[in-house]
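J.: Let me begin by handing over the structure; questions about it come next.
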Amino acid sequence: MPLLSLSDLLLITADHGCDPDPRWPTTDHSREYVPILAYSPGGGPGMNLGTRETLADMGQTVAENFGGNIPHGKSFLRELTGRIAESAR
């Protein structure tokens with residue numbers, strides 16, 4: 001964390017969830033939602049990003065951070081940083 005610059009964006013997530021259920025012992029993907037932990041040293045205080053419609057929201061956020069755009073997802077970069085990435089302006 002100390003090596004991150006003010007404009008860096010750190011996203012941590014999972015590609016699926018697997019909730020143990022004693023009624024159906026399985027290791028199959030069984031969760032509809034995955035966690036998203038997002039951090040930027042230049043961002044504001046922590047917040048709840050709510051339930052996202054799709055994991056593609058992360059991809060759109062990364063794309064916007066680098067001044068790009070992808071066909072799917074809704075960026076939450078503004079919510080993280082309080083601004084649009086400088087390169088996207």
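Every chain in the structure tokens takes a letter, A first, then B, and so on in the order presented; its residues are numbered from 1, and the ligands are numbered from 1 following the presented order.
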Can you pull out the residues contacting stretch 67-81 of chain A? Cut-off 12 Å, using only C-alpha atoms, and skip same-chain residues under 3 positions away; I want them as a ChimeraX atom specification.
T.: /A:6-11,36-64,84-89
